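Colleague: Sharing my_file-v1.cif, mmCIF, C-alpha atoms:
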```
data_query
#
loop_
_atom_site.group_PDB
_atom_site.id
_atom_site.type_symbol
_atom_site.label_atom_id
_atom_site.label_comp_id
_atom_site.auth_asym_id
_atom_site.auth_seq_id
_atom_site.Cartn_x
_atom_site.Cartn_y
_atom_site.Cartn_z
ATOM 1 C CA MET A 14 9.837 19.704 -30.032
ATOM 2 C CA THR A 15 10.757 16.634 -27.993
ATOM 3 C CA MET A 16 13.772 16.358 -25.755
ATOM 4 C CA THR A 17 14.595 12.790 -26.748
ATOM 5 C CA GLU A 18 16.354 11.513 -29.846
ATOM 6 C CA ARG A 19 13.700 8.932 -30.574
ATOM 7 C CA THR A 20 9.911 9.001 -30.401
ATOM 8 C CA PRO A 21 8.926 8.552 -26.745
ATOM 9 C CA THR A 22 6.571 5.752 -25.786
ATOM 10 C CA TYR A 23 4.102 8.011 -24.007
ATOM 11 C CA ALA A 24 2.424 11.238 -25.069
ATOM 12 C CA TYR A 25 -0.276 13.501 -23.637
ATOM 13 C CA GLU A 26 -3.040 11.185 -24.880
ATOM 14 C CA ASP A 27 -1.778 8.269 -22.753
ATOM 15 C CA PHE A 28 -2.361 9.985 -19.421
ATOM 16 C CA THR A 29 -6.074 9.204 -19.340
ATOM 17 C CA ILE A 30 -8.201 10.191 -16.367
ATOM 18 C CA GLY A 31 -8.209 7.459 -13.717
ATOM 19 C CA SER A 32 -5.197 5.615 -15.084
ATOM 20 C CA GLU A 33 -2.553 4.511 -12.574
ATOM 21 C CA TRP A 34 1.205 4.485 -13.134
ATOM 22 C CA SER A 35 3.476 2.429 -10.878
ATOM 23 C CA LEU A 36 6.733 3.912 -9.674
ATOM 24 C CA GLY A 37 9.734 1.617 -9.155
ATOM 25 C CA SER A 38 11.382 1.134 -5.785
ATOM 26 C CA LYS A 39 14.148 3.191 -4.217
ATOM 27 C CA THR A 40 16.188 2.175 -1.167
ATOM 28 C CA VAL A 41 17.106 5.132 1.028
ATOM 29 C CA THR A 42 20.631 4.976 2.464
ATOM 30 C CA THR A 43 22.155 6.719 5.460
ATOM 31 C CA ALA A 44 24.840 8.247 3.226
ATOM 32 C CA GLU A 45 22.245 9.713 0.861
ATOM 33 C CA ILE A 46 20.203 11.205 3.717
ATOM 34 C CA ILE A 47 23.285 12.873 5.216
ATOM 35 C CA ASP A 48 24.615 14.016 1.829
ATOM 36 C CA PHE A 49 21.345 15.700 0.857
ATOM 37 C CA ALA A 50 20.876 17.250 4.297
ATOM 38 C CA SER A 51 24.459 18.550 4.392
ATOM 39 C CA GLN A 52 23.812 20.452 1.194
ATOM 40 C CA PHE A 53 20.237 21.579 1.582
ATOM 41 C CA ASP A 54 18.688 20.968 4.999
ATOM 42 C CA PRO A 55 21.315 20.666 7.752
ATOM 43 C CA GLN A 56 18.916 20.260 10.670
ATOM 44 C CA PRO A 57 20.308 17.825 13.285
ATOM 45 C CA PHE A 58 17.604 15.154 12.815
ATOM 46 C CA HIS A 59 18.590 14.868 9.128
ATOM 47 C CA LEU A 60 22.336 14.645 9.878
ATOM 48 C CA ASP A 61 22.750 12.558 12.987
ATOM 49 C CA GLU A 62 21.266 9.238 14.107
ATOM 50 C CA ALA A 63 21.128 10.189 17.799
ATOM 51 C CA ALA A 64 19.487 13.558 17.088
ATOM 52 C CA GLY A 65 16.982 11.825 14.813
ATOM 53 C CA LYS A 66 16.149 9.236 17.504
ATOM 54 C CA ALA A 67 15.655 12.023 20.052
ATOM 55 C CA SER A 68 13.286 13.908 17.733
ATOM 56 C CA ILE A 69 9.674 13.199 16.855
ATOM 57 C CA LEU A 70 10.976 11.626 13.626
ATOM 58 C CA GLY A 71 12.272 8.598 15.572
ATOM 59 C CA GLY A 72 15.504 8.040 13.657
ATOM 60 C CA LEU A 73 17.840 9.482 11.047
ATOM 61 C CA ALA A 74 15.179 10.890 8.723
ATOM 62 C CA ALA A 75 15.365 12.206 5.162
ATOM 63 C CA SER A 76 14.615 15.872 4.606
ATOM 64 C CA GLY A 77 11.133 16.275 3.176
ATOM 65 C CA TRP A 78 12.740 17.915 0.136
ATOM 66 C CA HIS A 79 14.935 14.838 -0.241
ATOM 67 C CA THR A 80 11.844 12.633 -0.196
ATOM 68 C CA VAL A 81 10.150 14.615 -2.969
ATOM 69 C CA SER A 82 13.412 14.675 -4.936
ATOM 70 C CA MET A 83 13.640 10.864 -4.686
ATOM 71 C CA PHE A 84 10.007 10.722 -5.800
ATOM 72 C CA MET A 85 10.924 12.929 -8.792
ATOM 73 C CA ARG A 86 13.586 10.422 -9.834
ATOM 74 C CA MET A 87 11.109 7.549 -9.457
ATOM 75 C CA MET A 88 8.661 9.448 -11.703
ATOM 76 C CA CYS A 89 11.424 10.147 -14.256
ATOM 77 C CA ASP A 90 12.353 6.471 -14.424
ATOM 78 C CA ALA A 91 8.754 5.234 -14.522
ATOM 79 C CA TYR A 92 7.442 7.358 -17.394
ATOM 80 C CA LEU A 93 8.631 10.954 -17.558
ATOM 81 C CA LEU A 94 11.903 10.324 -19.402
ATOM 82 C CA ASP A 95 9.983 8.245 -21.946
ATOM 83 C CA SER A 96 7.501 11.055 -22.617
ATOM 84 C CA PRO A 97 7.564 14.474 -24.288
ATOM 85 C CA SER A 98 7.484 16.165 -20.858
ATOM 86 C CA GLN A 99 7.427 19.938 -21.024
ATOM 87 C CA GLY A 100 7.886 20.463 -17.295
ATOM 88 C CA ALA A 101 5.445 21.814 -14.760
ATOM 89 C CA PRO A 102 4.540 25.279 -13.477
ATOM 90 C CA GLY A 103 4.439 24.197 -9.845
ATOM 91 C CA VAL A 104 3.036 21.860 -7.222
ATOM 92 C CA ASP A 105 -0.462 22.094 -5.765
ATOM 93 C CA PHE A 106 0.557 20.628 -2.400
ATOM 94 C CA VAL A 107 2.985 18.290 -0.680
ATOM 95 C CA ARG A 108 2.086 16.407 2.506
ATOM 96 C CA TRP A 109 4.799 14.614 4.445
ATOM 97 C CA LYS A 110 2.751 11.997 6.274
ATOM 98 C CA HIS A 111 5.350 9.754 7.905
ATOM 99 C CA PRO A 112 9.140 9.928 8.452
ATOM 100 C CA VAL A 113 11.389 8.418 5.770
ATOM 101 C CA LEU A 114 14.194 6.672 7.644
ATOM 102 C CA ALA A 115 17.538 5.199 6.606
ATOM 103 C CA GLY A 116 16.949 1.720 5.161
ATOM 104 C CA ASP A 117 13.412 2.442 3.995
ATOM 105 C CA ILE A 118 12.400 1.164 0.568
ATOM 106 C CA LEU A 119 10.122 3.596 -1.229
ATOM 107 C CA THR A 120 7.580 2.733 -3.912
ATOM 108 C CA GLY A 121 4.717 4.753 -5.282
ATOM 109 C CA LYS A 122 2.042 5.368 -7.822
ATOM 110 C CA THR A 123 0.652 8.203 -9.888
ATOM 111 C CA THR A 124 -3.104 8.534 -10.459
ATOM 112 C CA ILE A 125 -4.334 10.809 -13.247
ATOM 113 C CA LEU A 126 -6.979 13.228 -11.962
ATOM 114 C CA ASP A 127 -7.587 15.375 -15.022
ATOM 115 C CA GLN A 128 -6.476 15.825 -18.619
ATOM 116 C CA ARG A 129 -7.154 18.819 -20.838
ATOM 117 C CA ALA A 130 -5.757 20.247 -24.044
ATOM 118 C CA SER A 131 -4.126 23.662 -23.958
ATOM 119 C CA LYS A 132 -6.237 26.365 -25.594
ATOM 120 C CA SER A 133 -3.321 28.682 -26.316
ATOM 121 C CA LYS A 134 -0.830 26.000 -27.439
ATOM 122 C CA PRO A 135 -2.581 23.305 -29.506
ATOM 123 C CA SER A 136 0.504 21.053 -29.458
ATOM 124 C CA LEU A 137 0.332 20.677 -25.661
ATOM 125 C CA GLY A 138 -1.907 19.296 -22.964
ATOM 126 C CA PHE A 139 -2.114 19.549 -19.193
ATOM 127 C CA VAL A 140 -2.299 16.462 -16.975
ATOM 128 C CA LYS A 141 -3.231 16.791 -13.306
ATOM 129 C CA MET A 142 -1.587 14.070 -11.232
ATOM 130 C CA HIS A 143 -1.883 12.751 -7.693
ATOM 131 C CA HIS A 144 1.181 10.916 -6.386
ATOM 132 C CA ASP A 145 1.453 8.561 -3.397
ATOM 133 C CA VAL A 146 4.801 7.410 -1.994
ATOM 134 C CA PHE A 147 4.844 4.412 0.352
ATOM 135 C CA ASN A 148 7.499 2.717 2.483
ATOM 136 C CA GLN A 149 8.205 -1.040 2.667
ATOM 137 C CA ASN A 150 5.366 -1.477 5.182
ATOM 138 C CA GLY A 151 2.817 0.067 2.847
ATOM 139 C CA THR A 152 2.651 3.216 4.980
ATOM 140 C CA LEU A 153 1.976 6.405 3.037
ATOM 141 C CA VAL A 154 5.016 8.621 3.640
ATOM 142 C CA CYS A 155 4.261 11.450 1.213
ATOM 143 C CA GLU A 156 1.545 12.569 -1.160
ATOM 144 C CA LEU A 157 1.540 15.424 -3.611
ATOM 145 C CA GLU A 158 -0.349 16.786 -6.605
ATOM 146 C CA HIS A 159 0.832 18.737 -9.577
ATOM 147 C CA THR A 160 -0.111 19.519 -13.153
ATOM 148 C CA ALA A 161 2.380 18.455 -15.804
ATOM 149 C CA MET A 162 2.606 19.547 -19.451
ATOM 150 C CA PHE A 163 3.098 17.027 -22.260
ATOM 151 C CA ALA A 164 3.261 17.325 -26.030
ATOM 152 C CA LYS A 165 0.509 15.605 -27.990
ATOM 153 C CA ARG A 166 1.306 12.477 -29.961
ATOM 154 C CA GLU A 167 0.869 14.117 -33.364
ATOM 155 C CA THR A 168 3.501 16.683 -32.413
ATOM 156 C CA VAL A 169 5.972 14.098 -31.168
ATOM 157 C CA GLN A 170 5.657 11.936 -34.273
ATOM 158 C CA ALA A 171 5.848 14.814 -36.737
ATOM 159 C CA MET B 10 13.165 19.624 23.549
ATOM 160 C CA THR B 11 15.385 21.715 21.299
ATOM 161 C CA MET B 12 17.747 20.347 18.684
ATOM 162 C CA THR B 13 20.553 22.769 19.459
ATOM 163 C CA GLU B 14 23.067 22.711 22.277
ATOM 164 C CA ARG B 15 22.465 26.337 23.199
ATOM 165 C CA THR B 16 19.311 28.435 23.440
ATOM 166 C CA PRO B 17 18.346 29.494 19.915
ATOM 167 C CA THR B 18 17.928 33.181 19.135
ATOM 168 C CA TYR B 19 14.430 32.800 17.705
ATOM 169 C CA ALA B 20 11.330 31.075 19.048
ATOM 170 C CA TYR B 21 7.676 30.797 18.021
ATOM 171 C CA GLU B 22 6.894 34.240 19.475
ATOM 172 C CA ASP B 23 9.349 35.989 17.120
ATOM 173 C CA PHE B 24 7.515 35.034 13.942
ATOM 174 C CA THR B 25 4.928 37.789 14.234
ATOM 175 C CA ILE B 26 2.306 38.294 11.547
ATOM 176 C CA GLY B 27 3.566 40.628 8.826
ATOM 177 C CA SER B 28 7.237 40.382 9.791
ATOM 178 C CA GLU B 29 9.728 39.837 6.960
ATOM 179 C CA TRP B 30 12.870 37.723 7.121
ATOM 180 C CA SER B 31 15.634 38.204 4.557
ATOM 181 C CA LEU B 32 17.321 35.168 3.055
ATOM 182 C CA GLY B 33 21.003 35.347 2.126
ATOM 183 C CA SER B 34 22.254 34.938 -1.412
ATOM 184 C CA LYS B 35 23.167 31.724 -3.210
ATOM 185 C CA THR B 36 25.070 31.506 -6.502
ATOM 186 C CA VAL B 37 23.890 28.624 -8.685
ATOM 187 C CA THR B 38 26.690 26.796 -10.488
ATOM 188 C CA THR B 39 26.625 24.601 -13.581
ATOM 189 C CA ALA B 40 28.191 21.752 -11.592
ATOM 190 C CA GLU B 41 25.493 21.936 -8.913
ATOM 191 C CA ILE B 42 22.671 21.970 -11.477
ATOM 192 C CA ILE B 43 24.065 18.906 -13.234
ATOM 193 C CA ASP B 44 24.869 17.090 -9.990
ATOM 194 C CA PHE B 45 21.339 17.532 -8.609
ATOM 195 C CA ALA B 46 19.700 16.641 -11.924
ATOM 196 C CA SER B 47 21.868 13.542 -12.369
ATOM 197 C CA GLN B 48 20.607 12.224 -9.051
ATOM 198 C CA PHE B 49 17.004 13.341 -9.003
ATOM 199 C CA ASP B 50 15.711 14.860 -12.256
ATOM 200 C CA PRO B 51 17.726 13.713 -15.286
ATOM 201 C CA GLN B 52 15.696 15.518 -17.943
ATOM 202 C CA PRO B 53 17.916 16.815 -20.771
ATOM 203 C CA PHE B 54 17.292 20.539 -20.098
ATOM 204 C CA HIS B 55 18.662 20.064 -16.550
ATOM 205 C CA LEU B 56 21.762 18.151 -17.716
ATOM 206 C CA ASP B 57 22.963 19.722 -20.919
ATOM 207 C CA GLU B 58 23.533 23.343 -21.967
ATOM 208 C CA ALA B 59 22.464 22.783 -25.584
ATOM 209 C CA ALA B 60 19.287 20.929 -24.592
ATOM 210 C CA GLY B 61 18.492 23.711 -22.121
ATOM 211 C CA LYS B 62 18.984 26.376 -24.792
ATOM 212 C CA ALA B 63 16.706 24.467 -27.172
ATOM 213 C CA SER B 64 13.958 24.192 -24.551
ATOM 214 C CA ILE B 65 11.508 26.806 -23.317
ATOM 215 C CA LEU B 66 13.822 27.232 -20.294
ATOM 216 C CA GLY B 67 16.386 29.045 -22.467
ATOM 217 C CA GLY B 68 19.549 27.602 -20.933
ATOM 218 C CA LEU B 69 20.909 24.985 -18.557
ATOM 219 C CA ALA B 70 18.196 25.263 -15.915
ATOM 220 C CA ALA B 71 17.980 23.957 -12.361
ATOM 221 C CA SER B 72 15.354 21.350 -11.592
ATOM 222 C CA GLY B 73 12.436 22.958 -9.786
ATOM 223 C CA TRP B 74 13.153 20.599 -6.886
ATOM 224 C CA HIS B 75 16.740 21.843 -6.846
ATOM 225 C CA THR B 76 15.464 25.418 -6.628
ATOM 226 C CA VAL B 77 13.268 24.663 -3.625
ATOM 227 C CA SER B 78 16.098 22.681 -2.026
ATOM 228 C CA MET B 79 18.434 25.676 -2.424
ATOM 229 C CA PHE B 80 15.683 27.839 -0.926
ATOM 230 C CA MET B 81 15.498 25.406 2.016
ATOM 231 C CA ARG B 82 19.208 25.910 2.692
ATOM 232 C CA MET B 83 18.804 29.689 2.479
ATOM 233 C CA MET B 84 15.980 29.447 5.039
ATOM 234 C CA CYS B 85 18.098 27.208 7.297
ATOM 235 C CA ASP B 86 20.971 29.698 7.241
ATOM 236 C CA ALA B 87 18.740 32.757 7.686
ATOM 237 C CA TYR B 88 16.780 31.670 10.763
ATOM 238 C CA LEU B 89 15.716 28.030 10.906
ATOM 239 C CA LEU B 90 18.948 26.619 12.362
ATOM 240 C CA ASP B 91 18.868 29.326 15.025
ATOM 241 C CA SER B 92 15.310 28.420 16.072
ATOM 242 C CA PRO B 93 13.583 25.511 17.836
ATOM 243 C CA SER B 94 12.179 24.290 14.497
ATOM 244 C CA GLN B 95 9.997 21.223 14.798
ATOM 245 C CA GLY B 96 9.661 20.630 11.063
ATOM 246 C CA ALA B 97 6.622 21.015 8.854
ATOM 247 C CA PRO B 98 3.774 18.734 7.794
ATOM 248 C CA GLY B 99 3.911 19.805 4.176
ATOM 249 C CA VAL B 100 3.806 22.611 1.648
ATOM 250 C CA ASP B 101 0.656 24.467 0.583
ATOM 251 C CA PHE B 102 1.950 25.219 -2.919
ATOM 252 C CA VAL B 103 5.080 25.803 -4.972
ATOM 253 C CA ARG B 104 5.070 27.958 -8.113
ATOM 254 C CA TRP B 105 8.080 27.973 -10.406
ATOM 255 C CA LYS B 106 7.707 31.347 -12.073
ATOM 256 C CA HIS B 107 10.931 31.775 -14.042
ATOM 257 C CA PRO B 108 13.851 29.489 -15.004
ATOM 258 C CA VAL B 109 16.842 29.341 -12.640
ATOM 259 C CA LEU B 110 19.916 29.247 -14.873
ATOM 260 C CA ALA B 111 23.606 28.517 -14.268
ATOM 261 C CA GLY B 112 25.255 31.660 -12.888
ATOM 262 C CA ASP B 113 22.091 33.041 -11.313
ATOM 263 C CA ILE B 114 22.387 34.546 -7.836
ATOM 264 C CA LEU B 115 19.338 33.789 -5.728
ATOM 265 C CA THR B 116 18.052 35.838 -2.817
ATOM 266 C CA GLY B 117 14.714 35.770 -1.068
ATOM 267 C CA LYS B 118 12.470 36.696 1.780
ATOM 268 C CA THR B 119 9.942 35.100 4.081
ATOM 269 C CA THR B 120 6.758 36.945 5.065
ATOM 270 C CA ILE B 121 4.773 35.682 8.052
ATOM 271 C CA LEU B 122 1.110 35.242 7.146
ATOM 272 C CA ASP B 123 -0.287 33.728 10.334
ATOM 273 C CA GLN B 124 0.759 32.601 13.795
ATOM 274 C CA ARG B 125 -1.246 30.451 16.183
ATOM 275 C CA ALA B 126 -0.580 28.377 19.272
ATOM 276 C CA SER B 127 -1.204 24.653 19.121
ATOM 277 C CA LYS B 128 -4.291 23.584 21.053
ATOM 278 C CA SER B 129 -3.149 20.004 21.544
ATOM 279 C CA LYS B 130 0.529 20.744 22.303
ATOM 280 C CA PRO B 131 0.878 23.875 24.463
ATOM 281 C CA SER B 132 4.660 23.970 23.990
ATOM 282 C CA LEU B 133 4.308 24.494 20.211
ATOM 283 C CA GLY B 134 2.969 26.994 17.742
ATOM 284 C CA PHE B 135 2.245 27.041 14.027
ATOM 285 C CA VAL B 136 3.610 29.747 11.731
ATOM 286 C CA LYS B 137 2.252 30.133 8.194
ATOM 287 C CA MET B 138 4.921 31.507 5.865
ATOM 288 C CA HIS B 139 5.038 32.880 2.334
ATOM 289 C CA HIS B 140 8.435 32.678 0.637
ATOM 290 C CA ASP B 141 9.672 34.562 -2.440
ATOM 291 C CA VAL B 142 12.900 33.656 -4.249
ATOM 292 C CA PHE B 143 14.390 36.178 -6.694
ATOM 293 C CA ASN B 144 17.293 36.129 -9.142
ATOM 294 C CA GLN B 145 19.977 38.820 -9.538
ATOM 295 C CA ASN B 146 17.639 40.868 -11.755
ATOM 296 C CA GLY B 147 14.939 40.981 -9.086
ATOM 297 C CA THR B 148 12.778 38.566 -11.081
ATOM 298 C CA LEU B 149 10.628 36.269 -8.967
ATOM 299 C CA VAL B 150 11.770 32.728 -9.824
ATOM 300 C CA CYS B 151 9.820 30.760 -7.225
ATOM 301 C CA GLU B 152 7.222 31.303 -4.542
ATOM 302 C CA LEU B 153 5.862 28.877 -1.993
ATOM 303 C CA GLU B 154 3.882 28.732 1.219
ATOM 304 C CA HIS B 155 4.051 26.359 4.112
ATOM 305 C CA THR B 156 3.228 26.131 7.800
ATOM 306 C CA ALA B 157 6.161 25.483 10.127
ATOM 307 C CA MET B 158 6.128 24.337 13.745
ATOM 308 C CA PHE B 159 8.274 26.018 16.394
ATOM 309 C CA ALA B 160 8.644 25.558 20.148
ATOM 310 C CA LYS B 161 7.601 28.481 22.325
ATOM 311 C CA ARG B 162 10.264 30.502 24.094
ATOM 312 C CA GLU B 163 9.360 29.301 27.571
ATOM 313 C CA THR B 164 9.916 25.724 26.437
ATOM 314 C CA VAL B 165 13.257 26.470 24.832
ATOM 315 C CA GLN B 166 14.592 28.293 27.862
ATOM 316 C CA ALA B 167 13.400 25.711 30.366
#
```
Take the structure I supplied and represent it as structure tokens, if you would.

Modeller:
Amino acid sequence: MTMTERTPTYAYEDFTIGSEWSLGSKTVTTAEIIDFASQFDPQPFHLDEAAGKASILGGLAASGWHTVSMFMRMMCDAYLLDSPSQGAPGVDFVRWKHPVLAGDILTGKTTILDQRASKSKPSLGFVKMHHDVFNQNGTLVCELEHTAMFAKRETVQA
Amino acid sequence: MTMTERTPTYAYEDFTIGSEWSLGSKTVTTAEIIDFASQFDPQPFHLDEAAGKASILGGLAASGWHTVSMFMRMMCDAYLLDSPSQGAPGVDFVRWKHPVLAGDILTGKTTILDQRASKSKPSLGFVKMHHDVFNQNGTLVCELEHTAMFAKRETVQA
């Protein structure tokens, strides 16, 4: 059932309500902002320093979808790739609170809001998560919530 | 105030309640799925055909964040880049309804749910949008809602 060759460190049972999970840091480069925007969100303030400075964003700013994608990688590296993750059906909300600019260093944390076993699939459980992403000044740049699915430990170790 | 050199075709006033906006098609390639996943979501079912086939996704499947990023580009090309878009504060929800697999051809549409002028910034208005993304079989693969900000026509033409 698991996607990894070995038994992952974390399973459904580890994501206890109220627990906090630190996300590692990610430095945002100009090249990455422009590369993502060129592919997916070619609005001038995501492509050009002068256009970014002239906009309400105040500088060359990452697409909001780039910010959540960088967050996804931070979550993968922090715990998801070392868990029997079964994906997620969606996202409850995303709030982009503050521009993410070239040179910013992102960090973050996940707080577990709820945990419940699946009734229809006894091997699985649902974990509701709140995520905060901060810049190097401690300013909240993005917050989002989603419910993730994980296999239970007994399933992973079988 | 606008981000474009010329007067855009669309302004806040054009996004009338109930109007529908078609999004052009996008073919999803294996290389793009793997490239996005390698950067942002390196879970095995997004990186490897065999792991995708073995998972509930049923094949090499795009990261959900890749799907919404491709949707963002479709929205840019359909109307956003030809409008005085002022960005968006967030997303109300995203639901990934069906896997997006290599070779899929995505299309979509935007339906305007609400339109209201800003009270604090008379030059702007808010437009609440529902977006549906379909594959080549007409299956809904993703839906999301968000509120976008646009400049009013009088501002753009000033």

Colleague: Sorted by chain and rising residue number, which residues of chain A lie within 9 Å of chain B, and what are their closest atom pairs and distances in Å to one decimal, counting only C-alpha atoms, as a tab-separated table?

Modeller:
```
residue	atom	partner	partner_atom	distance
A:Met14	CA	B:Ser64	CA	8.2
A:Thr15	CA	B:Ser64	CA	8.9
A:Met16	CA	B:Pro53	CA	6.5
A:Thr17	CA	B:Pro53	CA	7.9
A:Ala50	CA	B:Arg82	CA	9.0
A:Gln52	CA	B:Arg82	CA	7.3
A:Phe53	CA	B:Arg82	CA	4.6
A:Asp54	CA	B:Arg82	CA	5.5
A:Pro55	CA	B:Cys85	CA	7.3
A:Gln56	CA	B:Leu90	CA	6.6
A:Pro57	CA	B:Met12	CA	6.5
A:Phe58	CA	B:Met12	CA	7.8
A:Ala64	CA	B:Met12	CA	7.2
A:Ala67	CA	B:Met12	CA	8.7
A:Ser68	CA	B:Met12	CA	7.9
A:Ile69	CA	B:Gln95	CA	8.3
A:Gly77	CA	B:Gly99	CA	8.1
A:Trp78	CA	B:Ser78	CA	6.2
A:His79	CA	B:Ser78	CA	8.1
A:Val81	CA	B:Trp74	CA	7.8
A:Ser82	CA	B:Phe49	CA	5.6
A:Met83	CA	B:Phe49	CA	6.0
A:Phe84	CA	B:Phe49	CA	8.1
A:Met85	CA	B:Phe49	CA	6.1
A:Arg86	CA	B:Phe49	CA	4.6
A:Met87	CA	B:Phe49	CA	8.3
A:Met88	CA	B:Asp50	CA	8.9
A:Cys89	CA	B:Asp50	CA	6.7
A:Leu93	CA	B:Gln52	CA	8.4
A:Leu94	CA	B:Gln52	CA	6.6
A:Ser98	CA	B:Gln52	CA	8.7
A:Gln99	CA	B:Ile65	CA	8.3
A:Ala101	CA	B:Trp105	CA	8.0
A:Pro102	CA	B:Trp105	CA	5.4
A:Gly103	CA	B:Arg104	CA	4.2
A:Val104	CA	B:Val103	CA	5.0
A:Asp105	CA	B:Phe102	CA	4.9
A:Phe106	CA	B:Phe102	CA	4.8
A:Val107	CA	B:Val100	CA	5.0
A:Arg108	CA	B:Gly99	CA	4.2
A:Trp109	CA	B:Gly99	CA	5.3
A:Lys110	CA	B:Pro98	CA	7.0
A:Cys155	CA	B:Gly99	CA	8.9
```

Colleague: Have a look at CA of Ala126 in chain B and CA of Ser28 in chain B and let me know their distance in Å, one decimal.

Modeller: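 CA of Ala126 in chain B sits 17.2 Å away from CA of Ser28 in chain B.
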
Colleague: Please measure the separation of CA of Ser92 in chain B and CA of Gly71 in chain A, giving the value in Å to one decimal.

Modeller: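 A separation of 20.1 Å between them.
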
Colleague: What would the selection look like, as number ranges by chain, if the PyMOL selection byres ((chain B and resi 117-125) around 9) were run on the coordinates I just shared?

Modeller: B: 21-22, 24-34, 80, 83-84, 115-116, 126-128, 134-144, 149, 156

Colleague: Could you give me, as a VMD selection string, the residues within 9 Å of Thr36 in chain B, counting all atoms listed in the file and dropping anything in the same chain fewer than 5 positions from it?

Modeller: chain B and resid 111 to 115

Colleague: Quick check, in Å to one decimal: how far apart do CA of His55 in chain B and CA of Val113 in chain A lie?

Modeller: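 We find that CA of His55 in chain B and CA of Val113 in chain A lie 26.2 Å from each other.
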
Colleague: So that I can see what lies close to Ser136 in chain A, please list as a PyMOL selection string the residues with an atom at most 7 Å from it, counting only C-alpha atoms and leaving out residues fewer than 5 positions away in the same chain.

Modeller: chain A and resi 164-165+168

Colleague: First collect every listed atom of range 87-92 of chain B; then fit an axis-aligned box around them, widen it by 6 Å on each side, and give centre and edge lengths in Å to one decimal, as lines of an AutoDock Vina configuration file.

Modeller:
```
center_x = 17.1
center_y = 29.7
center_z = 11.9
size_x = 15.6
size_y = 18.1
size_z = 20.4
```

Colleague: Residue by residue, what does the PyMOL selection byres ((chain B and resi 17) around 7) grab here? Present the result as number ranges by chain.

Modeller: B: 15-16, 18-19, 91-93
